[in-house]
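Heads up, start04.txt below (compact mmCIF, C-alpha atoms):
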```
# COMPACT_ATOMS: atom_id res chain seq x y z
CA MET A 9 13.23 -18.43 5.67
CA THR A 10 9.86 -19.78 6.76
CA ASN A 11 8.91 -23.09 5.16
CA THR A 12 6.15 -22.66 2.59
CA VAL A 13 3.09 -24.92 2.67
CA LEU A 14 0.20 -23.73 0.55
CA GLU A 15 -3.38 -23.79 1.83
CA ALA A 16 -6.39 -24.71 -0.35
CA SER A 17 -6.68 -20.95 -1.01
CA GLY A 18 -3.33 -21.06 -2.80
CA LEU A 19 -1.89 -18.92 -0.01
CA ALA A 20 0.92 -19.62 2.44
CA ILE A 21 -0.99 -18.00 5.32
CA ASP A 22 -3.89 -19.71 7.08
CA ASP A 23 -7.53 -18.87 6.35
CA ALA A 24 -8.12 -17.06 9.65
CA THR A 25 -5.18 -14.75 8.90
CA ALA A 26 -6.28 -14.19 5.28
CA ASP A 27 -9.74 -13.31 6.64
CA ARG A 28 -8.29 -10.97 9.27
CA LEU A 29 -6.01 -9.13 6.86
CA PHE A 30 -8.24 -8.93 3.77
CA ARG A 31 -11.18 -11.22 3.15
CA THR A 32 -13.57 -10.40 5.99
CA ALA A 33 -11.92 -7.19 7.29
CA ARG A 34 -14.13 -4.16 6.65
CA THR A 35 -13.91 -0.39 6.86
CA VAL A 36 -15.91 0.19 10.04
CA THR A 37 -18.19 3.12 10.79
CA SER A 38 -18.87 2.42 14.46
CA PHE A 39 -16.19 1.48 16.93
CA ALA A 40 -15.34 -0.79 19.85
CA GLU A 41 -15.25 1.04 23.17
CA SER A 42 -11.85 -0.27 24.22
CA ASP A 43 -8.83 2.04 23.98
CA VAL A 44 -6.12 1.77 21.31
CA THR A 45 -2.75 2.42 22.95
CA ASP A 46 0.43 3.95 21.56
CA GLU A 47 2.09 0.61 22.32
CA GLN A 48 -0.33 -1.10 19.93
CA LEU A 49 0.36 1.51 17.26
CA ALA A 50 4.11 1.13 17.78
CA ALA A 51 3.75 -2.65 17.30
CA VAL A 52 1.97 -1.97 13.98
CA TYR A 53 4.68 0.47 12.89
CA ASP A 54 7.46 -1.91 13.95
CA LEU A 55 5.91 -4.54 11.67
CA ILE A 56 5.24 -2.46 8.57
CA LYS A 57 8.38 -0.33 8.70
CA TRP A 58 10.10 -3.32 7.05
CA GLY A 59 7.99 -3.08 3.89
CA PRO A 60 10.00 -2.14 0.80
CA THR A 61 10.25 1.43 -0.54
CA SER A 62 12.32 2.85 -3.36
CA MET A 63 15.96 2.81 -2.15
CA ASN A 64 14.51 2.44 1.41
CA VAL A 65 13.50 6.12 1.50
CA SER A 66 10.65 5.28 3.94
CA PRO A 67 8.88 8.67 3.75
CA LEU A 68 5.67 7.69 5.63
CA ARG A 69 5.00 9.68 8.80
CA VAL A 70 2.11 9.17 11.22
CA LEU A 71 0.25 11.72 13.30
CA VAL A 72 -1.62 10.00 16.14
CA VAL A 73 -4.63 12.15 17.08
CA ARG A 74 -5.62 11.16 20.59
CA THR A 75 -6.45 14.04 22.97
CA PRO A 76 -9.92 15.67 22.92
CA GLU A 77 -8.30 18.99 21.92
CA ALA A 78 -6.41 17.50 18.98
CA ARG A 79 -9.44 15.48 17.91
CA GLU A 80 -11.56 18.66 17.80
CA ARG A 81 -8.97 20.33 15.56
CA LEU A 82 -9.05 17.33 13.21
CA VAL A 83 -12.86 16.96 13.13
CA ALA A 84 -13.10 20.49 11.73
CA ARG A 85 -10.72 19.51 8.91
CA VAL A 86 -12.42 16.47 7.42
CA PRO A 87 -15.48 16.56 5.12
CA GLU A 88 -18.75 16.96 7.03
CA GLY A 89 -19.87 13.39 6.32
CA ASN A 90 -16.72 12.04 8.04
CA GLN A 91 -16.79 14.27 11.14
CA GLU A 92 -18.87 12.08 13.42
CA ARG A 93 -16.63 9.08 12.82
CA VAL A 94 -13.48 11.03 13.65
CA ALA A 95 -15.18 12.40 16.78
CA LYS A 96 -16.11 8.90 17.98
CA ALA A 97 -13.10 6.76 17.02
CA PRO A 98 -10.83 5.66 19.89
CA VAL A 99 -7.90 7.13 17.98
CA THR A 100 -7.41 8.57 14.50
CA LEU A 101 -4.22 8.61 12.42
CA VAL A 102 -3.24 11.14 9.80
CA LEU A 103 -0.90 9.34 7.40
CA ALA A 104 1.51 11.80 5.82
CA TYR A 105 4.77 12.01 3.93
CA ASP A 106 7.86 13.95 4.83
CA PRO A 107 9.06 15.94 1.79
CA ASP A 108 12.40 16.27 3.59
CA PHE A 109 12.87 12.54 4.00
CA HIS A 110 16.31 12.92 2.42
CA GLU A 111 17.62 14.39 5.69
CA ARG A 112 17.31 10.88 7.23
CA LEU A 113 18.98 8.93 4.43
CA ASP A 114 22.26 8.81 6.36
CA VAL A 115 20.41 6.38 8.66
CA LEU A 116 18.22 4.69 6.05
CA ILE A 117 20.72 4.11 3.23
CA PRO A 118 24.09 3.63 4.98
CA HIS A 119 25.40 1.65 1.98
CA MET A 120 25.10 4.73 -0.30
CA PRO A 121 26.82 7.74 1.32
CA GLY A 122 25.72 10.21 -1.40
CA ALA A 123 22.01 9.33 -1.22
CA ARG A 124 20.99 12.58 0.48
CA GLU A 125 22.51 14.66 -2.31
CA ILE A 126 20.62 12.78 -5.04
CA PHE A 127 17.39 14.22 -3.62
CA ALA A 128 18.53 17.51 -2.09
CA GLY A 129 18.47 19.63 -5.24
CA ASP A 130 15.02 18.89 -6.66
CA ASP A 131 12.08 19.65 -4.36
CA GLU A 132 9.46 18.59 -6.89
CA ALA A 133 11.00 15.22 -7.70
CA ARG A 134 11.52 14.61 -3.98
CA ALA A 135 7.87 15.34 -3.19
CA GLY A 136 6.83 12.93 -5.94
CA THR A 137 9.06 10.16 -4.59
CA ALA A 138 7.82 10.82 -1.07
CA ARG A 139 4.16 10.78 -2.03
CA THR A 140 4.42 7.63 -4.17
CA ASN A 141 6.33 5.62 -1.58
CA ALA A 142 4.30 6.83 1.41
CA LEU A 143 1.07 5.74 -0.34
CA ILE A 144 2.52 2.25 -0.85
CA GLN A 145 3.46 2.32 2.85
CA ALA A 146 -0.10 3.42 3.68
CA GLY A 147 -1.21 0.14 2.10
CA TYR A 148 1.22 -1.73 4.38
CA LEU A 149 -0.04 0.20 7.40
CA ILE A 150 -3.70 -0.63 6.77
CA VAL A 151 -2.75 -4.32 6.59
CA GLY A 152 -0.56 -3.87 9.68
CA LEU A 153 -3.39 -2.41 11.76
CA ARG A 154 -5.47 -5.47 10.93
CA ALA A 155 -2.52 -7.74 11.74
CA ALA A 156 -2.57 -6.21 15.23
CA GLY A 157 -6.26 -7.04 15.75
CA LEU A 158 -7.36 -3.50 14.95
CA SER A 159 -9.72 -2.17 12.31
CA ALA A 160 -8.67 0.53 9.86
CA GLY A 161 -11.23 3.05 8.65
CA PRO A 162 -9.47 5.12 5.95
CA MET A 163 -11.24 8.30 4.80
CA HIS A 164 -10.63 11.66 3.20
CA GLY A 165 -9.37 14.74 5.00
CA ILE A 166 -9.13 18.35 3.85
CA TYR A 167 -5.38 18.18 3.52
CA GLU A 168 -4.56 21.84 2.93
CA GLU A 169 -6.21 22.64 6.24
CA ILE A 170 -4.76 19.61 8.03
CA ASP A 171 -1.26 20.51 6.85
CA ALA A 172 -1.64 24.12 8.02
CA GLU A 173 -3.07 23.10 11.39
CA PHE A 174 -0.84 20.17 12.32
CA PHE A 175 2.24 20.23 10.10
CA ALA A 176 3.23 23.91 9.95
CA GLU A 177 6.47 23.15 11.81
CA ASN A 178 7.59 19.77 10.50
CA GLY A 179 6.41 20.27 6.90
CA TRP A 180 4.68 16.88 6.59
CA LYS A 181 1.94 16.55 3.96
CA GLY A 182 -1.27 14.68 4.81
CA LEU A 183 -2.36 11.78 2.57
CA LEU A 184 -5.06 9.82 4.39
CA VAL A 185 -7.08 9.95 7.62
CA VAL A 186 -7.57 6.55 9.29
CA ASN A 187 -9.89 5.84 12.21
CA VAL A 188 -8.60 3.00 14.38
CA SER A 189 -10.51 0.74 16.75
CA ALA A 190 -10.28 -2.79 18.07
CA ALA A 191 -11.67 -4.99 15.27
CA GLU A 192 -13.93 -6.96 17.61
CA GLY A 193 -16.94 -4.88 18.51
CA ALA A 194 -16.55 -2.50 15.57
CA GLU A 195 -19.22 -2.49 12.89
CA THR A 196 -19.82 -1.50 9.31
CA THR A 197 -23.00 -0.23 7.71
CA ARG A 198 -23.54 -1.97 4.40
CA PRO A 199 -22.94 -5.34 2.73
CA ARG A 200 -19.57 -5.92 1.08
CA ALA A 201 -19.39 -4.30 -2.36
CA PRO A 202 -18.18 -6.50 -5.25
CA ARG A 203 -14.69 -6.44 -6.74
CA LEU A 204 -13.42 -6.96 -10.27
CA SER A 205 -12.20 -10.49 -11.02
CA PHE A 206 -8.55 -11.32 -11.82
CA ASP A 207 -9.51 -11.67 -15.49
CA GLU A 208 -11.05 -8.19 -15.45
CA ALA A 209 -8.18 -6.46 -13.61
CA ALA A 210 -5.21 -8.34 -15.05
CA GLN A 211 -3.81 -8.95 -18.51
CA VAL A 212 -1.23 -11.66 -19.29
CA VAL A 213 1.28 -11.15 -22.11
CA MET B 14 -15.04 -12.09 13.09
CA THR B 15 -11.88 -13.99 14.02
CA ASN B 16 -11.14 -14.15 17.73
CA THR B 17 -8.19 -11.92 18.67
CA VAL B 18 -5.36 -13.27 20.82
CA LEU B 19 -2.26 -11.09 20.89
CA GLU B 20 1.24 -12.55 20.54
CA ALA B 21 4.26 -11.29 22.50
CA SER B 22 4.91 -9.04 19.48
CA GLY B 23 1.66 -7.21 20.22
CA LEU B 24 0.28 -8.62 16.96
CA ALA B 25 -2.72 -10.87 16.33
CA ILE B 26 -0.82 -12.87 13.67
CA ASP B 27 1.83 -15.45 14.56
CA ASP B 28 5.56 -14.72 14.33
CA ALA B 29 6.12 -16.91 11.26
CA THR B 30 3.44 -14.95 9.39
CA ALA B 31 4.77 -11.59 10.57
CA ASP B 32 8.21 -12.69 9.35
CA ARG B 33 6.83 -13.87 6.02
CA LEU B 34 4.86 -10.71 5.33
CA PHE B 35 7.25 -8.07 6.66
CA ARG B 36 10.02 -8.78 9.14
CA THR B 37 12.31 -11.14 7.25
CA ALA B 38 10.87 -10.72 3.73
CA ARG B 39 13.34 -8.99 1.44
CA THR B 40 13.46 -7.46 -2.02
CA VAL B 41 15.32 -10.19 -3.88
CA THR B 42 17.81 -9.76 -6.70
CA SER B 43 18.22 -13.40 -7.71
CA PHE B 44 15.34 -15.77 -8.14
CA ALA B 45 14.14 -19.31 -7.48
CA GLU B 46 14.03 -21.45 -10.62
CA SER B 47 10.48 -22.68 -10.11
CA ASP B 48 7.71 -21.18 -12.20
CA VAL B 49 5.12 -18.70 -10.89
CA THR B 50 1.73 -19.58 -12.39
CA ASP B 51 -1.22 -17.38 -13.30
CA GLU B 52 -3.20 -19.41 -10.74
CA GLN B 53 -0.80 -18.27 -8.02
CA LEU B 54 -1.14 -14.65 -9.16
CA ALA B 55 -4.93 -14.97 -9.26
CA ALA B 56 -4.86 -16.25 -5.65
CA VAL B 57 -2.86 -13.16 -4.67
CA TYR B 58 -5.28 -10.87 -6.48
CA ASP B 59 -8.31 -12.63 -4.99
CA LEU B 60 -6.88 -11.91 -1.55
CA ILE B 61 -5.88 -8.29 -1.97
CA LYS B 62 -8.83 -7.16 -4.08
CA TRP B 63 -10.71 -6.90 -0.75
CA GLY B 64 -8.41 -4.16 0.57
CA PRO B 65 -10.17 -0.81 1.01
CA THR B 66 -10.04 1.99 -1.56
CA SER B 67 -11.84 5.31 -1.66
CA MET B 68 -15.53 4.53 -2.37
CA ASN B 69 -14.31 1.08 -3.58
CA VAL B 70 -12.98 2.57 -6.84
CA SER B 71 -10.36 -0.24 -7.04
CA PRO B 72 -8.30 1.30 -9.89
CA LEU B 73 -5.29 -1.09 -9.70
CA ARG B 74 -4.62 -3.07 -12.86
CA VAL B 75 -1.91 -5.70 -13.35
CA LEU B 76 0.04 -6.58 -16.47
CA VAL B 77 1.61 -10.04 -16.13
CA VAL B 78 4.74 -10.17 -18.31
CA ARG B 79 5.46 -13.83 -18.96
CA THR B 80 6.42 -14.73 -22.55
CA PRO B 81 9.99 -14.25 -23.80
CA GLU B 82 8.73 -11.74 -26.37
CA ALA B 83 6.87 -9.63 -23.82
CA ARG B 84 9.78 -9.83 -21.39
CA GLU B 85 12.14 -8.49 -24.05
CA ARG B 86 9.84 -5.53 -24.66
CA LEU B 87 9.79 -4.78 -20.93
CA VAL B 88 13.55 -5.21 -20.37
CA ALA B 89 14.17 -2.39 -22.86
CA ARG B 90 11.85 -0.11 -20.83
CA VAL B 91 13.38 -0.30 -17.36
CA PRO B 92 16.55 1.53 -16.24
CA GLU B 93 19.74 -0.26 -17.27
CA GLY B 94 20.57 -1.34 -13.72
CA ASN B 95 17.24 -3.19 -13.49
CA GLN B 96 17.32 -4.95 -16.86
CA GLU B 97 19.11 -8.14 -15.83
CA ARG B 98 16.64 -8.77 -13.01
CA VAL B 99 13.64 -8.36 -15.29
CA ALA B 100 15.29 -10.67 -17.83
CA LYS B 101 15.85 -13.38 -15.20
CA ALA B 102 12.72 -13.23 -13.03
CA PRO B 103 10.22 -16.11 -13.47
CA VAL B 104 7.54 -13.49 -14.07
CA THR B 105 7.34 -9.70 -13.81
CA LEU B 106 4.28 -7.56 -13.07
CA VAL B 107 3.65 -4.02 -14.18
CA LEU B 108 1.29 -2.48 -11.63
CA ALA B 109 -0.80 0.23 -13.22
CA TYR B 110 -3.92 2.29 -12.71
CA ASP B 111 -6.90 2.61 -15.01
CA PRO B 112 -7.76 6.31 -15.47
CA ASP B 113 -11.14 5.15 -16.76
CA PHE B 114 -11.96 3.14 -13.63
CA HIS B 115 -15.27 5.01 -13.46
CA GLU B 116 -16.59 2.86 -16.31
CA ARG B 117 -16.67 -0.09 -13.87
CA LEU B 118 -18.36 1.68 -10.96
CA ASP B 119 -21.73 0.18 -11.88
CA VAL B 120 -20.23 -3.12 -10.68
CA LEU B 121 -18.05 -1.73 -7.87
CA ILE B 122 -20.43 0.74 -6.22
CA PRO B 123 -23.92 -0.75 -6.75
CA HIS B 124 -25.24 1.16 -3.71
CA MET B 125 -24.56 4.54 -5.39
CA PRO B 126 -26.09 4.59 -8.91
CA GLY B 127 -24.63 8.01 -9.81
CA ALA B 128 -21.02 7.14 -8.91
CA ARG B 129 -19.83 7.00 -12.52
CA GLU B 130 -21.02 10.54 -13.21
CA ILE B 131 -19.17 11.96 -10.20
CA PHE B 132 -15.90 11.06 -11.94
CA ALA B 133 -16.85 11.27 -15.62
CA GLY B 134 -16.44 15.02 -16.08
CA ASP B 135 -12.99 15.68 -14.60
CA ASP B 136 -10.12 13.71 -16.16
CA GLU B 137 -7.47 15.28 -13.93
CA ALA B 138 -9.26 14.60 -10.64
CA ARG B 139 -10.03 11.08 -11.81
CA ALA B 140 -6.36 10.38 -12.64
CA GLY B 141 -5.39 11.67 -9.19
CA THR B 142 -7.91 9.42 -7.44
CA ALA B 143 -6.81 6.47 -9.58
CA ARG B 144 -3.11 6.99 -8.90
CA THR B 145 -3.53 7.50 -5.14
CA ASN B 146 -5.72 4.46 -4.62
CA ALA B 147 -3.77 2.18 -6.95
CA LEU B 148 -0.56 2.96 -5.02
CA ILE B 149 -2.26 1.97 -1.76
CA GLN B 150 -3.40 -1.20 -3.53
CA ALA B 151 0.20 -1.75 -4.71
CA GLY B 152 1.10 -1.92 -1.01
CA TYR B 153 -1.59 -4.57 -0.51
CA LEU B 154 -0.32 -6.50 -3.53
CA ILE B 155 3.28 -6.62 -2.31
CA VAL B 156 2.02 -8.02 1.01
CA GLY B 157 -0.28 -10.40 -0.89
CA LEU B 158 2.56 -11.84 -2.99
CA ARG B 159 4.40 -12.65 0.21
CA ALA B 160 1.24 -14.13 1.71
CA ALA B 161 1.24 -16.56 -1.23
CA GLY B 162 4.81 -17.71 -0.53
CA LEU B 163 6.24 -15.50 -3.25
CA SER B 164 8.85 -12.77 -3.14
CA ALA B 165 8.17 -9.28 -4.50
CA GLY B 166 10.99 -7.29 -6.05
CA PRO B 167 9.55 -3.81 -6.76
CA MET B 168 11.63 -1.52 -8.98
CA HIS B 169 11.40 1.47 -11.28
CA GLY B 170 10.32 1.36 -14.90
CA ILE B 171 10.45 4.00 -17.61
CA TYR B 172 6.71 4.55 -17.50
CA GLU B 173 6.24 6.77 -20.52
CA GLU B 174 7.78 4.05 -22.65
CA ILE B 175 5.98 1.21 -20.84
CA ASP B 176 2.64 2.97 -21.30
CA ALA B 177 3.28 3.52 -25.01
CA GLU B 178 4.44 -0.07 -25.55
CA PHE B 179 1.91 -2.01 -23.49
CA PHE B 180 -1.03 0.25 -22.71
CA ALA B 181 -1.70 2.12 -25.98
CA GLU B 182 -5.07 0.40 -26.30
CA ASN B 183 -6.42 0.15 -22.74
CA GLY B 184 -5.01 3.48 -21.49
CA TRP B 185 -3.57 2.08 -18.25
CA LYS B 186 -0.72 4.05 -16.63
CA GLY B 187 2.27 2.18 -15.17
CA LEU B 188 3.21 2.78 -11.53
CA LEU B 189 5.63 0.06 -10.47
CA VAL B 190 7.48 -2.94 -11.93
CA VAL B 191 7.60 -5.98 -9.64
CA ASN B 192 9.68 -9.09 -10.22
CA VAL B 193 8.06 -12.19 -8.73
CA SER B 194 9.65 -15.47 -7.69
CA ALA B 195 9.05 -18.20 -5.15
CA ALA B 196 10.38 -16.82 -1.86
CA GLU B 197 12.32 -19.97 -1.03
CA GLY B 198 15.46 -20.10 -3.15
CA ALA B 199 15.43 -16.39 -3.97
CA GLU B 200 18.23 -14.22 -2.61
CA THR B 201 19.13 -10.64 -1.85
CA THR B 202 22.49 -8.96 -2.07
CA ARG B 203 23.02 -6.81 1.00
CA PRO B 204 22.23 -6.79 4.74
CA ARG B 205 18.90 -5.28 5.79
CA ALA B 206 19.06 -1.48 5.91
CA PRO B 207 17.81 0.21 9.11
CA ARG B 208 14.41 1.86 9.54
CA LEU B 209 13.29 4.89 11.55
CA SER B 210 11.82 4.08 14.98
CA PHE B 211 8.17 4.73 15.87
CA ASP B 212 9.28 7.76 17.88
CA GLU B 213 11.09 9.16 14.86
CA ALA B 214 8.31 8.53 12.33
CA ALA B 215 5.25 9.25 14.51
CA GLN B 216 4.00 12.16 16.55
CA VAL B 217 1.25 11.85 19.17
CA VAL B 218 -1.06 14.81 19.86
```
Serialized structure, structure tokens:
Amino acid sequence: MTNTVLEASGLAIDDATADRLFRTARTVTSFAESDVTDEQLAAVYDLIKWGPTSMNVSPLRVLVVRTPEARERLVARVPEGNQERVAKAPVTLVLAYDPDFHERLDVLIPHMPGAREIFAGDDEARAGTARTNALIQAGYLIVGLRAAGLSAGPMHGIYEEIDAEFFAENGWKGLLVVNVSAAEGAETTRPRAPRLSFDEAAQVV
Amino acid sequence: MTNTVLEASGLAIDDATADRLFRTARTVTSFAESDVTDEQLAAVYDLIKWGPTSMNVSPLRVLVVRTPEARERLVARVPEGNQERVAKAPVTLVLAYDPDFHERLDVLIPHMPGAREIFAGDDEARAGTARTNALIQAGYLIVGLRAAGLSAGPMHGIYEEIDAEFFAENGWKGLLVVNVSAAEGAETTRPRAPRLSFDEAAQVV
């Protein structure tokens, strides 16, 4: 266990890290020219894979859209206002969930041999569990990209079309499209929008 | 922009921080005795509120369950296997979304004066947007608790009952129950379960 010393911010991480992960990190709309490698993306995944999910079901899956051909197929399947960004990003991820995540529970939940069967019979409940947990993991992944010195530009896709085009064989379901670039050299377009305060967003009972 | 120097891990954050946020952090089942203050929780919120959401809708809301009376009401509304943990945690959060988040968009999206009206007419679409984005924010919040030297113990609640008991007035909808404790002194019960590798969870095209 790492020793905990709190900063003036009340946090146990230093200010530069808090800035990098949350406080000054922005959703960028123009990108650094440097490449983003699969090794960098694997380092991000190998960090955030440890984040908690319900029973460790870990349903998040990641499509890395890299080649010009694949990028063209994706550009046509995001809203028009997002197309230029997808066309220009060094690499774009489609975050998805695997509705058949239960087929991997022999690996993921070795301490509960019957885990697969809990989920096998109910497709609808399984999809709900997968979607809920993969969205929480999407939050981890956005933080993880920033932890690797990358910027994350999450945006909407047209998921029915994305699923048909990219996931016809593996059955994954798209949740979020994320442009990825080196953070340094990437830029955003507008000033930071405000947030609600703790008193506005929280209630203590 | 913080200068980026990559560690041997391929990350731009140091190993102790990567451990604290993801690699050695665990969902704990017994807790440190020290208190968790509202000031600590506000520091967490003030970090993670900056995480991106669709159009900055920021629908996550947080119920902080602290008093013995409130704790008793919550204990009765989580599955039996989770009750002892909720009873014993220094503080427990109910993460929720506000289906009426559009009423705050005048503050959150000042650059788009008509944002409220985009969401006002369609309750179902609005609930979907709120749920999706609040789950991504739940991922940020779990990381943020750890960044503040706390442990996060996410678990299921019985949300229909939680909503009726705690959110009858404000209309929030519960998503996740999270026990919170100082990380040091808190303990887990079993060895870390495995995760899928990058090659298993990602596909490159």
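For the residues A:Ile126, A:Ala209, A:Val102, A:Ala40, ranking by smallest atom-to-atom distance to chain B using all atoms listed in the file places A:Ala209 first.
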Would you kindly report the residues of chain A within 7 Å of chain B, using all atoms listed in the file, as a ChimeraX atom specification? /A:9-10,12,17-21,24-25,28,30-31,35,48,50-51,53-60,69-75,78,115-117,140,143-148,155-157,192,201-203,206,209-213
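Excluding Glu174 (chain B) itself and any same-chain residue fewer than 6 positions from it, the protein and nucleic acid residues within 12 Å of it, counting all atoms listed in the file, are Arg86, Leu87, Val88, Ala89, Arg90, Val91, Pro92, Phe180, Ala181, Lys186 and Gly187 of chain B.
Around Arg139 (chain B), within 10 Å and counting all atoms listed in the file, the residues found are B:Asp111, B:Pro112, B:Asp113, B:Phe114, B:His115, B:Ile131, B:Phe132, B:Ala133, B:Gly134, B:Asp135, B:Asp136, B:Thr142, B:Ala143, B:Arg144, B:Thr145, once anything fewer than 3 positions away on its own chain is removed.
In this model, the gap between CA of Thr105 (chain B) and CA of Glu46 (chain B) comes to 13.9 Å.
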Atom-to-atom span, CA of Pro121 (chain A) and CA of Ala135 (chain A), Å: 20.9 Å
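CA of Glu85 (chain B) to CA of Glu173 (chain B) spans 16.7 Å [interatomic distance, one decimal].
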Listed atoms of region 131-148 of chain A boxed axis-aligned with 4 Å per side, centre + edges as lines of an AutoDock Vina configuration file:
```
center_x = 5.4
center_y = 9.0
center_z = -1.7
size_x = 21.3
size_y = 29.4
size_z = 20.1
```
Taking only C-alpha atoms, show region 123-176 of chain B of the given structure as an mmCIF file, in the first residue's frame.
```cif
data_model
loop_
_atom_site.group_PDB
_atom_site.id
_atom_site.type_symbol
_atom_site.label_atom_id
_atom_site.label_comp_id
_atom_site.auth_asym_id
_atom_site.auth_seq_id
_atom_site.Cartn_x
_atom_site.Cartn_y
_atom_site.Cartn_z
ATOM 1 C CA PRO B 123 -23.466 28.797 -21.607
ATOM 2 C CA HIS B 124 -22.168 28.729 -25.206
ATOM 3 C CA MET B 125 -25.392 27.081 -26.457
ATOM 4 C CA PRO B 126 -28.445 29.043 -25.219
ATOM 5 C CA GLY B 127 -30.982 26.541 -26.606
ATOM 6 C CA ALA B 128 -29.442 23.466 -24.957
ATOM 7 C CA ARG B 129 -32.214 23.066 -22.388
ATOM 8 C CA GLU B 130 -34.880 22.872 -25.082
ATOM 9 C CA ILE B 131 -33.047 20.122 -26.983
ATOM 10 C CA PHE B 132 -33.675 17.824 -24.014
ATOM 11 C CA ALA B 133 -36.902 19.224 -22.561
ATOM 12 C CA GLY B 134 -39.364 17.469 -24.858
ATOM 13 C CA ASP B 135 -38.212 13.842 -24.705
ATOM 14 C CA ASP B 136 -38.127 12.277 -21.228
ATOM 15 C CA GLU B 137 -36.950 8.891 -22.475
ATOM 16 C CA ALA B 138 -34.026 10.205 -24.521
ATOM 17 C CA ARG B 139 -33.063 12.480 -21.641
ATOM 18 C CA ALA B 140 -33.029 9.581 -19.155
ATOM 19 C CA GLY B 141 -30.831 7.605 -21.562
ATOM 20 C CA THR B 142 -28.355 10.469 -21.935
ATOM 21 C CA ALA B 143 -28.344 10.992 -18.163
ATOM 22 C CA ARG B 144 -27.761 7.329 -17.368
ATOM 23 C CA THR B 145 -24.996 6.866 -19.960
ATOM 24 C CA ASN B 146 -23.052 9.943 -18.951
ATOM 25 C CA ALA B 147 -23.500 9.473 -15.210
ATOM 26 C CA LEU B 148 -22.071 5.930 -15.487
ATOM 27 C CA ILE B 149 -18.988 7.299 -17.259
ATOM 28 C CA GLN B 150 -18.752 9.874 -14.454
ATOM 29 C CA ALA B 151 -19.090 7.034 -11.917
ATOM 30 C CA GLY B 152 -15.882 5.655 -13.433
ATOM 31 C CA TYR B 153 -14.215 9.039 -12.901
ATOM 32 C CA LEU B 154 -15.484 9.166 -9.321
ATOM 33 C CA ILE B 155 -14.100 5.746 -8.401
ATOM 34 C CA VAL B 156 -10.694 6.860 -9.707
ATOM 35 C CA GLY B 157 -11.123 10.195 -7.907
ATOM 36 C CA LEU B 158 -11.773 8.554 -4.530
ATOM 37 C CA ARG B 159 -8.532 6.657 -4.913
ATOM 38 C CA ALA B 160 -6.739 9.839 -5.974
ATOM 39 C CA ALA B 161 -7.783 11.297 -2.612
ATOM 40 C CA GLY B 162 -6.246 8.396 -0.660
ATOM 41 C CA LEU B 163 -9.600 6.702 -0.187
ATOM 42 C CA SER B 164 -10.821 3.254 -1.146
ATOM 43 C CA ALA B 165 -13.960 2.738 -3.224
ATOM 44 C CA GLY B 166 -16.112 -0.328 -2.646
ATOM 45 C CA PRO B 167 -18.778 -0.262 -5.393
ATOM 46 C CA MET B 168 -21.711 -2.655 -4.974
ATOM 47 C CA HIS B 169 -25.307 -3.226 -5.992
ATOM 48 C CA GLY B 170 -28.311 -1.582 -4.391
ATOM 49 C CA ILE B 171 -32.013 -2.270 -4.787
ATOM 50 C CA TYR B 172 -32.563 0.871 -6.805
ATOM 51 C CA GLU B 173 -36.344 0.950 -6.970
ATOM 52 C CA GLU B 174 -36.415 0.989 -3.187
ATOM 53 C CA ILE B 175 -33.489 3.412 -2.860
ATOM 54 C CA ASP B 176 -35.152 5.828 -5.288
#
```
